[in-house]
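Peer 1: One structure coming up, written as structure tokens, with questions to follow.
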Amino acid sequence: MSKRKIIMPTDEEDAAINRGIAEDPDTYEVPPEDFKKMKKMGARGRPRLDEPKVLLSVRYDADIVERFKATGDGWQTRMNDALRDWLKDHQPVEMSEHADS
């Protein structure tokens with residue numbers, strides 16, 4: 001819990017603040033219907049992808065991760081691309097086949 005005390009403006013100060021806002025030519029009050037649209041459009045973060053990535057926990061050897069990280073920003077994308085590239089030449093084993101071995 002913060003020990004700071006919030007000091008609210010007096011009625012006179014609040015009126016002066018509101019007068020200043022009203023006199024500012026760059027300030028306007030957004031109509032409620034426009035405000036609702038802005039809230040809907042103003043979603044945080046990146047736009048949703050058609051095929052979003054899957055968040056999972058996985059373990060790799062430390063040297064593999066270090067080498068990818070050493071390539072700089074975007075290393076996770078490059079790791080993803082390396083796995084995708086590997087899949088071009090290798091057929092993943094089906095779960096039923098894997099269970100029989």
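Every chain in the structure tokens has a letter given in the order shown (A, B, ...), and although residue numbers restart at 1 in each chain, ligands are simply numbered from 1 in the order shown.
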Residues within 12 Å of segment 75-81 of chain A, please, as a ChimeraX atom specification. Count only C-alpha atoms; anything in the same chain fewer than 3 positions from it doesn't count.
Peer 2: /A:53-54,60,64-72,84-88
Peer 1: Please save C-alpha atoms of the selected residues as an mmCIF file, in the first residue's frame.
Peer 2:
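New file result-v8.cif:
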```
data_model
loop_
_atom_site.group_PDB
_atom_site.id
_atom_site.type_symbol
_atom_site.label_atom_id
_atom_site.label_comp_id
_atom_site.auth_asym_id
_atom_site.auth_seq_id
_atom_site.Cartn_x
_atom_site.Cartn_y
_atom_site.Cartn_z
ATOM 1 C CA LYS A 53 1.476 -19.160 -32.900
ATOM 2 C CA VAL A 54 1.122 -21.707 -30.108
ATOM 3 C CA TYR A 60 16.394 -27.598 -25.859
ATOM 4 C CA ILE A 64 21.481 -24.834 -29.293
ATOM 5 C CA VAL A 65 19.555 -22.011 -27.631
ATOM 6 C CA GLU A 66 22.734 -19.985 -27.057
ATOM 7 C CA ARG A 67 23.705 -20.271 -30.726
ATOM 8 C CA PHE A 68 20.290 -19.106 -31.897
ATOM 9 C CA LYS A 69 20.238 -16.266 -29.336
ATOM 10 C CA ALA A 70 23.699 -15.200 -30.513
ATOM 11 C CA THR A 71 22.169 -14.370 -33.903
ATOM 12 C CA GLY A 72 20.319 -11.442 -32.281
ATOM 13 C CA ARG A 84 9.930 -25.755 -40.680
ATOM 14 C CA ASP A 85 12.870 -26.286 -43.057
ATOM 15 C CA TRP A 86 13.657 -29.645 -41.411
ATOM 16 C CA LEU A 87 10.035 -30.738 -41.941
ATOM 17 C CA LYS A 88 10.415 -30.220 -45.705
#
```
Peer 1: Using DSSP assignments from the backbone, pull out every residue in chain A that falls under alpha helix (DSSP H) and give it to me as a VMD selection string.
Peer 2: chain A and resid 11 to 23 32 to 41 62 to 69 75 to 89 95 to 100
Peer 1: Write to file, as a tab-separated table (two decimals), in the first residue's frame, the residues of the selection just made, with C-alpha atoms.
Peer 2:
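Contents of again_38.tsv, freshly written:
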```
chain	number	residue	atom	x	y	z
A	11	ASP	CA	-13.72	23.18	-6.70
A	12	GLU	CA	-12.10	26.45	-7.80
A	13	GLU	CA	-8.99	24.66	-9.11
A	14	ASP	CA	-11.14	22.09	-10.89
A	15	ALA	CA	-13.18	24.87	-12.52
A	16	ALA	CA	-9.96	26.60	-13.66
A	17	ILE	CA	-8.65	23.33	-15.12
A	18	ASN	CA	-11.91	22.76	-17.00
A	19	ARG	CA	-11.91	26.34	-18.31
A	20	GLY	CA	-8.38	25.81	-19.61
A	21	ILE	CA	-9.44	22.61	-21.33
A	22	ALA	CA	-12.51	24.31	-22.87
A	23	GLU	CA	-10.38	27.20	-24.18
A	32	PRO	CA	-19.91	8.67	-26.50
A	33	GLU	CA	-20.68	6.81	-29.75
A	34	ASP	CA	-17.22	7.68	-31.13
A	35	PHE	CA	-15.58	6.76	-27.84
A	36	LYS	CA	-17.16	3.28	-28.00
A	37	LYS	CA	-15.75	2.79	-31.52
A	38	MET	CA	-12.31	3.90	-30.37
A	39	LYS	CA	-12.29	1.42	-27.53
A	40	LYS	CA	-13.19	-1.43	-29.87
A	41	MET	CA	-10.57	-0.48	-32.44
A	62	ALA	CA	21.64	-24.97	-23.84
A	63	ASP	CA	24.22	-24.77	-26.63
A	64	ILE	CA	21.48	-24.83	-29.29
A	65	VAL	CA	19.56	-22.01	-27.63
A	66	GLU	CA	22.73	-19.99	-27.06
A	67	ARG	CA	23.70	-20.27	-30.73
A	68	PHE	CA	20.29	-19.11	-31.90
A	69	LYS	CA	20.24	-16.27	-29.34
A	75	TRP	CA	16.21	-15.76	-32.98
A	76	GLN	CA	12.95	-17.51	-32.05
A	77	THR	CA	11.58	-16.87	-35.54
A	78	ARG	CA	14.79	-18.27	-37.03
A	79	MET	CA	14.48	-21.33	-34.80
A	80	ASN	CA	10.90	-21.77	-35.99
A	81	ASP	CA	12.08	-21.42	-39.62
A	82	ALA	CA	14.81	-24.03	-39.03
A	83	LEU	CA	12.23	-26.51	-37.72
A	84	ARG	CA	9.93	-25.75	-40.68
A	85	ASP	CA	12.87	-26.29	-43.06
A	86	TRP	CA	13.66	-29.65	-41.41
A	87	LEU	CA	10.03	-30.74	-41.94
A	88	LYS	CA	10.41	-30.22	-45.70
A	89	ASP	CA	12.85	-33.15	-45.88
A	95	MET	CA	1.36	-40.95	-33.25
A	96	SER	CA	0.01	-44.47	-33.85
A	97	GLU	CA	3.29	-45.56	-35.52
A	98	HIS	CA	5.30	-44.02	-32.69
A	99	ALA	CA	3.27	-45.88	-30.05
A	100	ASP	CA	4.07	-49.27	-31.68
```
Peer 1: Measure the distance from atom CA of Leu55 of chain A to atom CA of Gln91 of chain A in Å and round it to one decimal.
Peer 2: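 Straight-line distance from atom CA of Leu55 of chain A to atom CA of Gln91 of chain A works out to 23.2 Å.
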